[in-house]
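Trainee: One structure, pasted below without further comment.
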Amino acid sequence: MRESGEPESGEPQSGEPDRWPGAGGPPFDPERFRREGRVVIDWIADYWASLPAHPVLPDVEPGEIAARLPAAAPETPESLAAVLGDLERIIVPGLTHWQHPGFFAYFPANASGPSILGELLSAGLGIQGMLWTTSPAATELEGIVVDWLRQLLGLPDRFGLGGDGGGMIQDSASSGLLCCLVAARERAAASGTGQCVVYASADAHSSVVKGAKIAGFPPAAIRRLDTDSAGRLRPDLLEATMRDDAAAGRVPCFVVATVGTTARGAIDPVAAIGTIARRYGTWLHVDAAWAGTAAICPELRPMIVDGVELADSWGTNPHKSMLVNFDCHCLWIASRHTLARALTTKPDYLRTAVGDTGAVVDYSDWQVPLGRRFRALKLWMVLRMIGGEALRQRVRDQVAWTAEFADFVAADPAFEILSPPSLALVTFALRAGDEATAELLARVNRAGSVFLSHARVGGRYAIRLAVGGTLTSRADVLGAWGVIAAAAGDPVLVSKARGRPAEER
Ligand SMILES: *Cc1c(COP(=O)(O)O)cnc(C)c1O
């Protein structure tokens, strides 16, 4: 951060007084924007080109970045060059590089040229699409592209535009689930007065419990059911628990089936769960946040969408594995009126004549916030500029590379597979036990060229490899095994794998 008074305080090279308002410039000057926009686009292109050279994880102490930033905003404008300089010097070294080809942690949040450009266009247009009237094209484009995606995924027509259903884009799977939960409770309240109960497997995403808490469900009304040995929700246990709840006067209100659990990618038996849910009038929400993308491949689709015809809502995150940059959650519901009835609170100032006719969708009635970003643009651009064929090929490659990786792990006597590959996710451990595995993971991640995260699988500490990075190639996936095997054998090899002598680390 440059001190005021330093000679290079950010004046452009031309010497022109390149200032925003306060120093005389308008907040949007087309010529300045054109010039600076090019600089920023170039910066982003250079960043992506340089990614493999960065360590995936930053090497910073808590508070280190904050300490290098001024505690208060400047009173007078600074130049783009000054800000980009600080971005490079202070911010980038403190980043975890999610777009790095060696990023195998959590689930990917992959991005692509078209999606980044779509995001830029969305910001550039600066619209806010809370109501159909506040930008009809934003609402209508969203309806269309979400329906394109529905068709690519092979989801049923009842989630489509024609009937009672519909699809939308939200910020996150967590928000989508919360909205469905509130709608489910409202629907259940019509048929009973007992305590509403929520069901999910113990391996379901944390957003189930968080959503239930936000919605005001007491902890005793949130059932996290034991899974089978493959990490799947057990229909027999679900049925027995629902039966007990109903017998005690409680209302089985909402069940979450997870297609692709976070820990190990387990796929709950949605059809069996849906059949039970129907019996109790329970809302079935399918959380396919990560795995849903795989349904674009016809050969993978059956295991992803099995039972979907019984679902009241189904959500997936194109921002995980579908090259749409964060954030983009697509949610389909079987009854858009049920959702809208539960969430609508139209004060007079938000009512419109066309909205009152019911001829248009006001998407703000389907979500938590009032305001809405124009997220459909980036999904539109990805679907148009990358296309279904290439998206499918990426899924197939990632699944194949993950299987190859798993074969290496399985062939090494020091290791064991804890959960076999589920799509592009596999978990494994050292036979030597939890402590050795955790220590190995720390060593691997310290080495810098890859980043993997961990989970509990069957009570064991597991290393997770989740493949899906935009730049990640087969060589990167197999290279990750090289780094891991080396770290398991000899710490010195790790530094070699990174191309630097150990003393530099
Ligand atoms: C990632 C994930 C979520 C949460 O996603 P957000 O969009 O960040 O809320 C929920 N469920 C599953 C299965 C996930 O993989």
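Please note that chains go A, B, ... in the order of the structure tokens, that every chain numbers its residues from 1, and that ligands are numbered from 1 in the order shown.
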Can you pull out the residues contacting Asp147 (chain A)? Cut-off 8 Å, using only C-alpha atoms, and skip same-chain residues under 5 positions away; I want them as a PyMOL selection string.

Mentor: chain A and resi 160-161+167

Trainee: Using only C-alpha atoms, please write the residues we just selected to a file, as a PDB file, in the first residue's frame.

Mentor:
```pdb
ATOM      1  CA  GLY A 160     -40.231 -27.290 -16.606  1.00  0.00           C
ATOM      2  CA  LEU A 161     -41.914 -24.143 -17.739  1.00  0.00           C
ATOM      3  CA  GLY A 167     -36.637 -23.511 -12.050  1.00  0.00           C
TER       4      GLY A 167
END
```

Trainee: Which chains and residue numbers are within 6 Å of ligand 1, counting only C-alpha atoms and all ligand atoms, if I want them as a PDB file with all heavy atoms, in the first residue's frame?

Mentor:
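Output file out_34.pdb follows:
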```
ATOM      1  N   SER A 172     -26.993 -20.130  -3.536  1.00  0.00           N
ATOM      2  CA  SER A 172     -26.346 -21.316  -2.984  1.00  0.00           C
ATOM      3  C   SER A 172     -27.355 -22.419  -2.721  1.00  0.00           C
ATOM      4  O   SER A 172     -28.559 -22.170  -2.571  1.00  0.00           O
ATOM      5  CB  SER A 172     -25.641 -20.968  -1.674  1.00  0.00           C
ATOM      6  OG  SER A 172     -26.614 -20.642  -0.702  1.00  0.00           O
ATOM      7  N   ALA A 173     -26.821 -23.628  -2.630  1.00  0.00           N
ATOM      8  CA  ALA A 173     -27.650 -24.780  -2.277  1.00  0.00           C
ATOM      9  C   ALA A 173     -28.258 -24.582  -0.891  1.00  0.00           C
ATOM     10  O   ALA A 173     -29.375 -25.021  -0.620  1.00  0.00           O
ATOM     11  CB  ALA A 173     -26.800 -26.051  -2.304  1.00  0.00           C
ATOM     12  N   SER A 174     -27.517 -23.921  -0.024  1.00  0.00           N
ATOM     13  CA  SER A 174     -28.009 -23.695   1.344  1.00  0.00           C
ATOM     14  C   SER A 174     -29.269 -22.837   1.324  1.00  0.00           C
ATOM     15  O   SER A 174     -30.246 -23.144   2.010  1.00  0.00           O
ATOM     16  CB  SER A 174     -26.926 -23.012   2.178  1.00  0.00           C
ATOM     17  OG  SER A 174     -25.736 -23.748   2.160  1.00  0.00           O
ATOM     18  N   HIS A 205     -25.420 -32.695   4.009  1.00  0.00           N
ATOM     19  CA  HIS A 205     -24.644 -31.462   4.138  1.00  0.00           C
ATOM     20  C   HIS A 205     -25.052 -30.650   5.361  1.00  0.00           C
ATOM     21  O   HIS A 205     -26.216 -30.676   5.778  1.00  0.00           O
ATOM     22  CB  HIS A 205     -24.835 -30.614   2.871  1.00  0.00           C
ATOM     23  CG  HIS A 205     -23.864 -29.487   2.760  1.00  0.00           C
ATOM     24  ND1 HIS A 205     -24.183 -28.201   3.124  1.00  0.00           N
ATOM     25  CD2 HIS A 205     -22.577 -29.465   2.361  1.00  0.00           C
ATOM     26  CE1 HIS A 205     -23.126 -27.434   2.924  1.00  0.00           C
ATOM     27  NE2 HIS A 205     -22.146 -28.171   2.453  1.00  0.00           N
ATOM     28  N   SER A 207     -25.730 -27.762   5.577  1.00  0.00           N
ATOM     29  CA  SER A 207     -26.761 -26.762   5.284  1.00  0.00           C
ATOM     30  C   SER A 207     -28.161 -27.239   5.680  1.00  0.00           C
ATOM     31  O   SER A 207     -29.074 -26.424   5.804  1.00  0.00           O
ATOM     32  CB  SER A 207     -26.744 -26.394   3.794  1.00  0.00           C
ATOM     33  OG  SER A 207     -26.856 -27.540   2.989  1.00  0.00           O
ATOM     34  N   GLY A 260     -24.750 -37.510  -3.775  1.00  0.00           N
ATOM     35  CA  GLY A 260     -23.359 -37.081  -3.736  1.00  0.00           C
ATOM     36  C   GLY A 260     -23.038 -36.368  -2.437  1.00  0.00           C
ATOM     37  O   GLY A 260     -22.977 -35.138  -2.385  1.00  0.00           O
ATOM     38  N   THR A 261     -22.825 -37.160  -1.372  1.00  0.00           N
ATOM     39  CA  THR A 261     -22.518 -36.522  -0.078  1.00  0.00           C
ATOM     40  C   THR A 261     -21.126 -35.896  -0.113  1.00  0.00           C
ATOM     41  O   THR A 261     -20.257 -36.309  -0.891  1.00  0.00           O
ATOM     42  CB  THR A 261     -22.585 -37.531   1.082  1.00  0.00           C
ATOM     43  OG1 THR A 261     -21.658 -38.596   0.826  1.00  0.00           O
ATOM     44  CG2 THR A 261     -23.990 -38.087   1.238  1.00  0.00           C
ATOM     45  N   THR A 262     -20.954 -34.931   0.759  1.00  0.00           N
ATOM     46  CA  THR A 262     -19.716 -34.167   0.760  1.00  0.00           C
ATOM     47  C   THR A 262     -18.522 -35.040   1.151  1.00  0.00           C
ATOM     48  O   THR A 262     -17.455 -34.947   0.547  1.00  0.00           O
ATOM     49  CB  THR A 262     -19.855 -32.984   1.723  1.00  0.00           C
ATOM     50  OG1 THR A 262     -21.091 -32.335   1.436  1.00  0.00           O
ATOM     51  CG2 THR A 262     -18.727 -31.995   1.545  1.00  0.00           C
ATOM     52  N   ASP A 287     -30.752 -32.983  -2.688  1.00  0.00           N
ATOM     53  CA  ASP A 287     -29.561 -32.133  -2.695  1.00  0.00           C
ATOM     54  C   ASP A 287     -28.507 -32.808  -3.562  1.00  0.00           C
ATOM     55  O   ASP A 287     -27.825 -33.727  -3.124  1.00  0.00           O
ATOM     56  CB  ASP A 287     -29.059 -31.947  -1.255  1.00  0.00           C
ATOM     57  CG  ASP A 287     -27.743 -31.179  -1.194  1.00  0.00           C
ATOM     58  OD1 ASP A 287     -27.252 -30.728  -2.253  1.00  0.00           O
ATOM     59  OD2 ASP A 287     -27.198 -31.024  -0.078  1.00  0.00           O
ATOM     60  N   ALA A 288     -28.418 -32.348  -4.806  1.00  0.00           N
ATOM     61  CA  ALA A 288     -27.410 -32.870  -5.738  1.00  0.00           C
ATOM     62  C   ALA A 288     -26.421 -31.757  -6.070  1.00  0.00           C
ATOM     63  O   ALA A 288     -26.003 -31.590  -7.219  1.00  0.00           O
ATOM     64  CB  ALA A 288     -28.087 -33.395  -6.998  1.00  0.00           C
ATOM     65  N   ALA A 289     -26.076 -30.990  -5.040  1.00  0.00           N
ATOM     66  CA  ALA A 289     -25.295 -29.759  -5.253  1.00  0.00           C
ATOM     67  C   ALA A 289     -24.049 -30.015  -6.086  1.00  0.00           C
ATOM     68  O   ALA A 289     -23.772 -29.291  -7.041  1.00  0.00           O
ATOM     69  CB  ALA A 289     -24.934 -29.124  -3.915  1.00  0.00           C
ATOM     70  N   TRP A 290     -23.310 -31.056  -5.723  1.00  0.00           N
ATOM     71  CA  TRP A 290     -22.080 -31.343  -6.470  1.00  0.00           C
ATOM     72  C   TRP A 290     -22.324 -32.328  -7.611  1.00  0.00           C
ATOM     73  O   TRP A 290     -21.961 -32.068  -8.750  1.00  0.00           O
ATOM     74  CB  TRP A 290     -21.016 -31.889  -5.507  1.00  0.00           C
ATOM     75  CG  TRP A 290     -19.909 -32.627  -6.189  1.00  0.00           C
ATOM     76  CD1 TRP A 290     -18.936 -32.086  -6.996  1.00  0.00           C
ATOM     77  CD2 TRP A 290     -19.675 -34.037  -6.153  1.00  0.00           C
ATOM     78  NE1 TRP A 290     -18.102 -33.087  -7.458  1.00  0.00           N
ATOM     79  CE2 TRP A 290     -18.526 -34.293  -6.947  1.00  0.00           C
ATOM     80  CE3 TRP A 290     -20.295 -35.109  -5.520  1.00  0.00           C
ATOM     81  CZ2 TRP A 290     -18.018 -35.573  -7.131  1.00  0.00           C
ATOM     82  CZ3 TRP A 290     -19.784 -36.384  -5.700  1.00  0.00           C
ATOM     83  CH2 TRP A 290     -18.655 -36.608  -6.496  1.00  0.00           C
TER      84      TRP A 290
END
```

Trainee: If we count only C-alpha atoms and set the cut-off at 8 Å, which residues sit around Glu142 (chain A), ignoring sequence neighbours fewer than 3 positions away in its own chain? Please answer as a list of chain:residue names.

Mentor: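 After dropping sequence-adjacent residues, the list is A:Ala138, A:Thr139, A:Val145, A:Val146, A:Met168, A:Ile169, A:Arg375, A:Ala376, A:Leu377.
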
Trainee: Go ahead and save the picked residues with C-alpha atoms, as a JSON list (two decimals), in the first residue's frame.

Mentor:
```json
[["chain", "number", "residue", "atom", "x", "y", "z"],
["A", 138, "ALA", "CA", -33.49, -11.07, -16.72],
["A", 139, "THR", "CA", -36.45, -13.08, -15.47],
["A", 145, "VAL", "CA", -31.49, -21.12, -19.44],
["A", 146, "VAL", "CA", -32.53, -22.98, -16.31],
["A", 168, "MET", "CA", -34.54, -20.64, -10.85],
["A", 169, "ILE", "CA", -31.03, -19.59, -9.93],
["A", 375, "ARG", "CA", -26.77, -14.77, -12.74],
["A", 376, "ALA", "CA", -28.50, -16.21, -15.78],
["A", 377, "LEU", "CA", -26.02, -14.43, -18.06]]
```

Trainee: Per residue of region 444-469 of chain A within 12 Å of region 265-273 of chain A, note the shortest atom pair and the distance in Å to one decimal, counting only C-alpha atoms, and order the rows by chain and increasing residue number, as JSON lines.

Mentor:
```
{"residue": "A:Ala455", "atom": "CA", "partner": "A:Gly265", "partner_atom": "CA", "distance": 11.2}
{"residue": "A:Val457", "atom": "CA", "partner": "A:Gly265", "partner_atom": "CA", "distance": 10.6}
{"residue": "A:Gly458", "atom": "CA", "partner": "A:Ala266", "partner_atom": "CA", "distance": 12.0}
{"residue": "A:Arg464", "atom": "CA", "partner": "A:Gly265", "partner_atom": "CA", "distance": 10.2}
{"residue": "A:Leu465", "atom": "CA", "partner": "A:Gly265", "partner_atom": "CA", "distance": 11.0}
{"residue": "A:Ala466", "atom": "CA", "partner": "A:Gly265", "partner_atom": "CA", "distance": 9.6}
```

Trainee: List the spatial neighbours of Arg185 (chain A) as a list of chain:residue names - criterion: any atom at most 8 Å away, only C-alpha atoms, same-chain residues fewer than 5 positions off excluded.

Mentor: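 Here the qualifying residues turn out to be A:Cys196, A:Cys253, A:Phe254.
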
Trainee: Any chance you could export the current selection's all heavy atoms as a PDB file, in the first residue's frame?

Mentor:
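So the final result, stored in selection-v8.pdb, reads:
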```pdb
ATOM      1  N   CYS A 196     -43.301 -29.985  13.390  1.00  0.00           N
ATOM      2  CA  CYS A 196     -42.752 -30.450  12.118  1.00  0.00           C
ATOM      3  C   CYS A 196     -41.345 -31.003  12.323  1.00  0.00           C
ATOM      4  O   CYS A 196     -40.567 -30.436  13.109  1.00  0.00           O
ATOM      5  CB  CYS A 196     -42.711 -29.313  11.103  1.00  0.00           C
ATOM      6  SG  CYS A 196     -44.334 -28.890  10.453  1.00  0.00           S
ATOM      7  N   CYS A 253     -42.130 -33.587   8.004  1.00  0.00           N
ATOM      8  CA  CYS A 253     -42.367 -32.413   7.161  1.00  0.00           C
ATOM      9  C   CYS A 253     -41.436 -32.347   5.955  1.00  0.00           C
ATOM     10  O   CYS A 253     -41.847 -31.996   4.856  1.00  0.00           O
ATOM     11  CB  CYS A 253     -42.182 -31.189   8.066  1.00  0.00           C
ATOM     12  SG  CYS A 253     -41.937 -29.645   7.235  1.00  0.00           S
ATOM     13  N   PHE A 254     -40.182 -32.724   6.144  1.00  0.00           N
ATOM     14  CA  PHE A 254     -39.171 -32.429   5.115  1.00  0.00           C
ATOM     15  C   PHE A 254     -38.080 -33.481   5.201  1.00  0.00           C
ATOM     16  O   PHE A 254     -37.516 -33.718   6.276  1.00  0.00           O
ATOM     17  CB  PHE A 254     -38.587 -31.045   5.423  1.00  0.00           C
ATOM     18  CG  PHE A 254     -37.700 -30.452   4.360  1.00  0.00           C
ATOM     19  CD1 PHE A 254     -38.224 -29.996   3.158  1.00  0.00           C
ATOM     20  CD2 PHE A 254     -36.333 -30.294   4.586  1.00  0.00           C
ATOM     21  CE1 PHE A 254     -37.404 -29.406   2.193  1.00  0.00           C
ATOM     22  CE2 PHE A 254     -35.507 -29.704   3.629  1.00  0.00           C
ATOM     23  CZ  PHE A 254     -36.051 -29.252   2.428  1.00  0.00           C
TER      24      PHE A 254
END
```

Trainee: Have a look at A:Ile484, A:Ala215, A:Ile276, A:Ile44 and name the one nearest to Ile116 (chain A); count only C-alpha atoms.

Mentor: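 Nearest candidate to Ile116 (chain A) out of A:Ile484, A:Ala215, A:Ile276, A:Ile44: A:Ile44.
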
Trainee: Run DSSP on the backbone of this structure and report the residues of region 98-337 of chain A it assigns to alpha helix (DSSP H), as a ChimeraX atom specification.

Mentor: /A:113-125,136-153,173-189,206-214,235-247,270-280,301-305,318-321,336-337

Trainee: Quick one: pull the distance between CA of Thr338 (chain A) and CA of Ile304 (chain A), Å, one decimal.

Mentor: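 Atom-to-atom, CA of Thr338 (chain A) to CA of Ile304 (chain A), that is 25.1 Å.
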
Trainee: Can you pull out the residues contacting Leu152 (chain A)? Cut-off 8 Å, using only C-alpha atoms, and skip same-chain residues under 5 positions away; I want them as a ChimeraX atom specification.

Mentor: /A:295-296,388

Trainee: For the selection you just gave me, I'd like the residues written to a file as a compact mmCIF listing (two decimals), in the first residue's frame, keeping all heavy atoms.

Mentor:
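What follows is the written file selection_33.txt:
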```txt
# COMPACT_ATOMS: atom_id res chain seq x y z
N ALA A 295 -25.31 -35.60 -14.36
CA ALA A 295 -26.50 -36.09 -15.09
C ALA A 295 -26.53 -35.60 -16.54
O ALA A 295 -27.34 -36.08 -17.33
CB ALA A 295 -27.78 -35.67 -14.36
N ILE A 296 -25.66 -34.69 -16.91
CA ILE A 296 -25.61 -34.29 -18.32
C ILE A 296 -25.08 -35.43 -19.19
O ILE A 296 -25.27 -35.41 -20.40
CB ILE A 296 -24.79 -32.99 -18.57
CG1 ILE A 296 -23.33 -33.16 -18.17
CG2 ILE A 296 -25.43 -31.81 -17.86
CD1 ILE A 296 -22.46 -31.95 -18.47
N GLY A 388 -23.02 -28.37 -24.46
CA GLY A 388 -23.25 -29.63 -23.76
C GLY A 388 -22.18 -30.68 -24.02
O GLY A 388 -21.75 -31.38 -23.11
```

Trainee: Need to verify the contact set: region 419-421 of chain A, 12 Å, only C-alpha atoms, exclusion of same-chain residues closer than 6 positions in sequence. Can you return it as an NGL selection string?

Mentor: :A and (229-231 or 260-261 or 263-267 or 398-407 or 409-410 or 427-429 or 455-467)

Trainee: Env of region 87-93 of chain A: 9 Å cut, atoms = only C-alpha atoms, seq-sep filter 5 positions within chain, self excluded. Answer as a list in words.

Mentor: Met1, His54, Leu57, Pro58, Asp59, Val60, Ile65, Arg68, Leu69 and Ala82 of chain A

Trainee: For the atom pair CA of Gly355 (chain A) and CA of Met130 (chain A), what is the interatomic distance in Å to one decimal place?

Mentor: 11.7 Å

Trainee: I'd like to know which of A:Val305, A:Leu153, A:Ala212, A:Val197 is closest to Asp244 (chain A), using only C-alpha atoms.

Mentor: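 Of A:Val305, A:Leu153, A:Ala212, A:Val197, the one nearest Asp244 (chain A), counting only C-alpha atoms, is A:Val197.
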